[in-house]
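Visitor: Just one file: data20.cif, with mmCIF, C-alpha atoms.
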```cif
data_coords
#
loop_
_atom_site.group_PDB
_atom_site.id
_atom_site.type_symbol
_atom_site.label_atom_id
_atom_site.label_comp_id
_atom_site.auth_asym_id
_atom_site.auth_seq_id
_atom_site.Cartn_x
_atom_site.Cartn_y
_atom_site.Cartn_z
ATOM 1 C CA MET A 1 -1.801 -4.602 1.941
ATOM 2 C CA LYS A 2 0.438 -7.160 0.351
ATOM 3 C CA THR A 3 1.164 -9.307 3.364
ATOM 4 C CA GLU A 4 3.976 -11.090 1.584
ATOM 5 C CA LEU A 5 5.996 -7.858 1.784
ATOM 6 C CA ILE A 6 6.404 -8.256 5.559
ATOM 7 C CA LEU A 7 8.289 -11.301 6.790
ATOM 8 C CA SER A 8 9.276 -12.575 10.198
ATOM 9 C CA ASN A 9 11.949 -15.270 10.289
ATOM 10 C CA PRO A 10 13.920 -16.174 13.430
ATOM 11 C CA GLN A 11 17.081 -16.346 11.296
ATOM 12 C CA ILE A 12 16.685 -12.784 10.003
ATOM 13 C CA MET A 13 17.062 -9.874 12.439
ATOM 14 C CA MET A 14 16.151 -12.185 15.351
ATOM 15 C CA GLY A 15 12.628 -12.619 14.005
ATOM 16 C CA LYS A 16 11.709 -8.947 13.841
ATOM 17 C CA PRO A 17 9.248 -8.153 11.035
ATOM 18 C CA VAL A 18 11.223 -6.945 8.015
ATOM 19 C CA ILE A 19 10.485 -5.848 4.477
ATOM 20 C CA ALA A 20 10.794 -8.887 2.203
ATOM 21 C CA GLY A 21 14.052 -9.030 0.270
ATOM 22 C CA THR A 22 15.773 -6.706 2.731
ATOM 23 C CA ARG A 23 16.965 -6.781 6.302
ATOM 24 C CA ILE A 24 15.135 -3.540 6.990
ATOM 25 C CA PRO A 25 12.908 -3.889 10.066
ATOM 26 C CA VAL A 26 9.444 -2.369 10.110
ATOM 27 C CA GLU A 27 10.408 -0.553 13.310
ATOM 28 C CA LEU A 28 13.264 1.262 11.517
ATOM 29 C CA ILE A 29 10.857 2.658 8.947
ATOM 30 C CA LEU A 30 8.475 3.787 11.683
ATOM 31 C CA GLU A 31 11.309 5.407 13.662
ATOM 32 C CA LYS A 32 12.559 7.291 10.607
ATOM 33 C CA LEU A 33 9.085 8.570 9.736
ATOM 34 C CA ALA A 34 8.472 9.575 13.380
ATOM 35 C CA ALA A 35 11.783 11.469 13.364
ATOM 36 C CA GLY A 36 10.541 13.538 10.433
ATOM 37 C CA GLU A 37 12.308 11.859 7.539
ATOM 38 C CA SER A 38 10.356 11.894 4.307
ATOM 39 C CA VAL A 39 9.537 8.774 2.334
ATOM 40 C CA GLU A 40 11.901 10.048 -0.366
ATOM 41 C CA GLN A 41 14.760 10.368 2.144
ATOM 42 C CA ILE A 42 14.157 6.844 3.424
ATOM 43 C CA LEU A 43 14.075 5.437 -0.108
ATOM 44 C CA GLN A 44 17.289 7.254 -0.964
ATOM 45 C CA ALA A 45 19.033 5.899 2.152
ATOM 46 C CA HIS A 46 17.823 2.336 1.470
ATOM 47 C CA PRO A 47 17.954 1.624 -2.284
ATOM 48 C CA ARG A 48 16.455 -1.878 -1.942
ATOM 49 C CA LEU A 49 13.366 -0.464 -0.241
ATOM 50 C CA THR A 50 10.298 0.542 -2.264
ATOM 51 C CA GLN A 51 7.350 2.850 -1.710
ATOM 52 C CA GLU A 52 5.183 -0.270 -1.562
ATOM 53 C CA GLY A 53 7.431 -1.681 1.178
ATOM 54 C CA ILE A 54 7.017 1.464 3.276
ATOM 55 C CA GLN A 55 3.246 1.356 2.833
ATOM 56 C CA ALA A 56 3.234 -2.325 3.822
ATOM 57 C CA ALA A 57 5.230 -1.480 6.965
ATOM 58 C CA LEU A 58 2.708 1.188 7.965
ATOM 59 C CA ALA A 59 -0.253 -1.097 7.287
ATOM 60 C CA PHE A 60 1.418 -3.897 9.265
ATOM 61 C CA ALA A 61 2.010 -1.594 12.245
ATOM 62 C CA ALA A 62 -1.597 -0.394 12.169
ATOM 63 C CA ARG A 63 -2.875 -3.969 12.053
ATOM 64 C CA VAL A 64 -0.649 -5.027 14.961
ATOM 65 C CA LEU A 65 -1.775 -2.074 17.083
ATOM 66 C CA ARG A 66 -5.403 -2.940 16.358
ATOM 67 C CA ALA A 67 -4.999 -6.131 18.408
ATOM 68 C CA ASP A 68 -6.890 -6.444 21.678
ATOM 69 C CA ILE A 69 -3.806 -5.658 23.753
ATOM 70 C CA VAL A 70 -3.772 -2.500 25.836
ATOM 71 C CA TYR A 71 -0.449 -0.682 26.086
ATOM 72 C CA PRO A 72 -0.570 1.533 29.195
ATOM 73 C CA ILE A 73 1.310 4.785 28.818
ATOM 74 C CA ALA A 74 2.821 6.199 31.992
ATOM 75 C CA GLN A 75 1.869 9.771 32.742
ATOM 76 C CA THR A 76 4.786 12.063 33.514
ATOM 77 C CA GLY A 77 4.780 15.257 35.471
#
```
With the file now loaded, output its structure as structure tokens.
Guide:
Amino acid sequence: MKTELILSNPQIMMGKPVIAGTRIPVELILEKLAAGESVEQILQAHPRLTQEGIQAALAFAARVLRADIVYPIAQTG
């Protein structure tokens, strides 16, 4: 992963990780993919975004979730 593609700066989007050269947060890309949007649809909606940027966002999210923090998920029903 090209780590320089993901930036976190307190002056940009309140420090949320974004794709370098854009104000597109990693979480937005993840939300769009989870909602069923294709990579092509996301690229079309965000012309400054690249395929490499989307891949960097996914790799970043995977790396963050690999941390030693446990996120309990409440059981419903």
Visitor: Can you translate the PyMOL selection byres ((chain A and resi 4) around 12) into the concrete residues it hits in this file, as number ranges by chain?
Guide: A: 1-3, 5-8, 17-21, 52-53, 56-57, 60
Visitor: Could you save those same residues with C-alpha atoms as a PDB file, in the frame of the given file?
Guide:
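That gives us again-v4.pdb:
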```
ATOM      1  CA  MET A   1      -1.801  -4.602   1.941  1.00  0.00           C
ATOM      2  CA  LYS A   2       0.438  -7.160   0.351  1.00  0.00           C
ATOM      3  CA  THR A   3       1.164  -9.307   3.364  1.00  0.00           C
ATOM      4  CA  LEU A   5       5.996  -7.858   1.784  1.00  0.00           C
ATOM      5  CA  ILE A   6       6.404  -8.256   5.559  1.00  0.00           C
ATOM      6  CA  LEU A   7       8.289 -11.301   6.790  1.00  0.00           C
ATOM      7  CA  SER A   8       9.276 -12.575  10.198  1.00  0.00           C
ATOM      8  CA  PRO A  17       9.248  -8.153  11.035  1.00  0.00           C
ATOM      9  CA  VAL A  18      11.223  -6.945   8.015  1.00  0.00           C
ATOM     10  CA  ILE A  19      10.485  -5.848   4.477  1.00  0.00           C
ATOM     11  CA  ALA A  20      10.794  -8.887   2.203  1.00  0.00           C
ATOM     12  CA  GLY A  21      14.052  -9.030   0.270  1.00  0.00           C
ATOM     13  CA  GLU A  52       5.183  -0.270  -1.562  1.00  0.00           C
ATOM     14  CA  GLY A  53       7.431  -1.681   1.178  1.00  0.00           C
ATOM     15  CA  ALA A  56       3.234  -2.325   3.822  1.00  0.00           C
ATOM     16  CA  ALA A  57       5.230  -1.480   6.965  1.00  0.00           C
ATOM     17  CA  PHE A  60       1.418  -3.897   9.265  1.00  0.00           C
TER      18      PHE A  60
END
```
Visitor: Let me make sure I understand: among A:Thr76, A:Gln51, A:Ser38, A:Asn9, which one has the smallest atom-to-atom distance to Arg23 in chain A if we use only C-alpha atoms?
Guide: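 Among A:Thr76, A:Gln51, A:Ser38, A:Asn9, it is A:Asn9 that comes nearest to Arg23 in chain A.
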Visitor: Using the chain letters and numbers from the file, give me the residues hit by the PyMOL selection byres ((chain A and resi 46) around 12), as a PyMOL selection string.
Guide: chain A and resi 19+22-25+28-29+32+39-45+47-51+53-54
Visitor: What's the separation between CA of Leu58 in chain A and CA of Val26 in chain A, in Å to one decimal place?
Guide: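 Distance between the two atoms: 7.9 Å.
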Visitor: As an exercise, work out the distance from CA of Ala61 in chain A to CA of Glu27 in chain A in Å and give it to one decimal place.
Guide: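 Taking CA of Ala61 in chain A and CA of Glu27 in chain A, their separation equals 8.5 Å.
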Visitor: Have a look at CA of Leu33 in chain A and CA of Arg66 in chain A and let me know their distance in Å, one decimal.
Guide: 19.7 Å
Visitor: Let me make sure I understand: among A:Met13, A:Gly36, A:Asp68, A:Leu30, which one has the smallest atom-to-atom distance to Gln55 in chain A if we use only C-alpha atoms?
Guide: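 Looking at the shortest contact to Gln55 in chain A, the residue is A:Leu30.
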Visitor: Take chain A from the preceding structure and save C-alpha atoms as a PDB file, in the first residue's frame.
Guide:
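What ended up in selection_30.pdb:
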```pdb
ATOM      1  CA  MET A   1       0.000   0.000   0.000  1.00  0.00           C
ATOM      2  CA  LYS A   2       1.228   3.467  -0.744  1.00  0.00           C
ATOM      3  CA  THR A   3       0.859   5.004   2.679  1.00  0.00           C
ATOM      4  CA  GLU A   4       1.328   8.492   1.311  1.00  0.00           C
ATOM      5  CA  LEU A   5      -2.099   8.179  -0.341  1.00  0.00           C
ATOM      6  CA  ILE A   6      -3.836   8.350   3.054  1.00  0.00           C
ATOM      7  CA  LEU A   7      -3.408  11.529   5.066  1.00  0.00           C
ATOM      8  CA  SER A   8      -4.702  12.719   8.400  1.00  0.00           C
ATOM      9  CA  ASN A   9      -4.417  16.440   9.097  1.00  0.00           C
ATOM     10  CA  PRO A  10      -6.392  18.226  11.833  1.00  0.00           C
ATOM     11  CA  GLN A  11      -7.047  21.078   9.381  1.00  0.00           C
ATOM     12  CA  ILE A  12      -8.635  18.792   6.780  1.00  0.00           C
ATOM     13  CA  MET A  13     -11.972  17.123   7.569  1.00  0.00           C
ATOM     14  CA  MET A  14     -11.262  17.457  11.315  1.00  0.00           C
ATOM     15  CA  GLY A  15      -8.352  15.033  11.057  1.00  0.00           C
ATOM     16  CA  LYS A  16     -10.252  12.146   9.506  1.00  0.00           C
ATOM     17  CA  PRO A  17      -8.086   9.999   7.215  1.00  0.00           C
ATOM     18  CA  VAL A  18      -8.594  11.177   3.632  1.00  0.00           C
ATOM     19  CA  ILE A  19      -7.258  10.305   0.210  1.00  0.00           C
ATOM     20  CA  ALA A  20      -4.295  12.583  -0.523  1.00  0.00           C
ATOM     21  CA  GLY A  21      -5.120  15.475  -2.833  1.00  0.00           C
ATOM     22  CA  THR A  22      -8.826  15.225  -2.046  1.00  0.00           C
ATOM     23  CA  ARG A  23     -11.128  15.854   0.868  1.00  0.00           C
ATOM     24  CA  ILE A  24     -12.625  12.404   0.439  1.00  0.00           C
ATOM     25  CA  PRO A  25     -12.585  10.509   3.748  1.00  0.00           C
ATOM     26  CA  VAL A  26     -11.691   6.835   3.845  1.00  0.00           C
ATOM     27  CA  GLU A  27     -14.975   6.203   5.657  1.00  0.00           C
ATOM     28  CA  LEU A  28     -16.969   7.602   2.703  1.00  0.00           C
ATOM     29  CA  ILE A  29     -15.353   5.117   0.345  1.00  0.00           C
ATOM     30  CA  LEU A  30     -16.070   2.261   2.746  1.00  0.00           C
ATOM     31  CA  GLU A  31     -19.697   3.367   3.184  1.00  0.00           C
ATOM     32  CA  LYS A  32     -20.240   3.571  -0.572  1.00  0.00           C
ATOM     33  CA  LEU A  33     -18.745   0.125  -1.169  1.00  0.00           C
ATOM     34  CA  ALA A  34     -20.800  -1.336   1.712  1.00  0.00           C
ATOM     35  CA  ALA A  35     -23.942   0.197   0.186  1.00  0.00           C
ATOM     36  CA  GLY A  36     -23.268  -1.715  -3.024  1.00  0.00           C
ATOM     37  CA  GLU A  37     -21.758   0.990  -5.196  1.00  0.00           C
ATOM     38  CA  SER A  38     -19.161  -0.258  -7.636  1.00  0.00           C
ATOM     39  CA  VAL A  39     -15.651   1.133  -7.835  1.00  0.00           C
ATOM     40  CA  GLU A  40     -16.573   2.552 -11.246  1.00  0.00           C
ATOM     41  CA  GLN A  41     -19.581   4.392  -9.782  1.00  0.00           C
ATOM     42  CA  ILE A  42     -17.451   5.858  -7.002  1.00  0.00           C
ATOM     43  CA  LEU A  43     -14.784   6.989  -9.466  1.00  0.00           C
ATOM     44  CA  GLN A  44     -17.424   8.576 -11.674  1.00  0.00           C
ATOM     45  CA  ALA A  45     -18.952  10.450  -8.718  1.00  0.00           C
ATOM     46  CA  HIS A  46     -15.529  11.656  -7.513  1.00  0.00           C
ATOM     47  CA  PRO A  47     -13.350  12.570 -10.518  1.00  0.00           C
ATOM     48  CA  ARG A  48     -10.289  13.403  -8.383  1.00  0.00           C
ATOM     49  CA  LEU A  49     -10.314   9.920  -6.866  1.00  0.00           C
ATOM     50  CA  THR A  50      -8.318   7.081  -8.438  1.00  0.00           C
ATOM     51  CA  GLN A  51      -8.490   3.300  -8.344  1.00  0.00           C
ATOM     52  CA  GLU A  52      -5.221   3.393  -6.406  1.00  0.00           C
ATOM     53  CA  GLY A  53      -6.817   5.742  -3.859  1.00  0.00           C
ATOM     54  CA  ILE A  54      -9.710   3.337  -3.304  1.00  0.00           C
ATOM     55  CA  GLN A  55      -7.307   0.428  -2.861  1.00  0.00           C
ATOM     56  CA  ALA A  56      -5.265   2.490  -0.390  1.00  0.00           C
ATOM     57  CA  ALA A  57      -8.443   3.263   1.580  1.00  0.00           C
ATOM     58  CA  LEU A  58      -9.309  -0.434   1.819  1.00  0.00           C
ATOM     59  CA  ALA A  59      -5.771  -1.385   2.836  1.00  0.00           C
ATOM     60  CA  PHE A  60      -5.741   1.401   5.439  1.00  0.00           C
ATOM     61  CA  ALA A  61      -9.042   0.207   6.924  1.00  0.00           C
ATOM     62  CA  ALA A  62      -7.794  -3.381   7.085  1.00  0.00           C
ATOM     63  CA  ARG A  63      -4.591  -2.281   8.805  1.00  0.00           C
ATOM     64  CA  VAL A  64      -6.494  -0.175  11.351  1.00  0.00           C
ATOM     65  CA  LEU A  65      -8.867  -3.040  12.158  1.00  0.00           C
ATOM     66  CA  ARG A  66      -5.897  -5.358  12.654  1.00  0.00           C
ATOM     67  CA  ALA A  67      -4.921  -3.361  15.755  1.00  0.00           C
ATOM     68  CA  ASP A  68      -5.186  -5.028  19.148  1.00  0.00           C
ATOM     69  CA  ILE A  69      -8.433  -3.239  19.983  1.00  0.00           C
ATOM     70  CA  VAL A  70     -11.579  -5.293  20.426  1.00  0.00           C
ATOM     71  CA  TYR A  71     -14.801  -3.733  19.162  1.00  0.00           C
ATOM     72  CA  PRO A  72     -17.703  -5.460  20.946  1.00  0.00           C
ATOM     73  CA  ILE A  73     -20.792  -5.837  18.810  1.00  0.00           C
ATOM     74  CA  ALA A  74     -24.098  -5.791  20.660  1.00  0.00           C
ATOM     75  CA  GLN A  75     -26.343  -8.740  19.960  1.00  0.00           C
ATOM     76  CA  THR A  76     -29.905  -7.839  19.033  1.00  0.00           C
ATOM     77  CA  GLY A  77     -32.994  -9.933  19.358  1.00  0.00           C
TER      78      GLY A  77
END
```
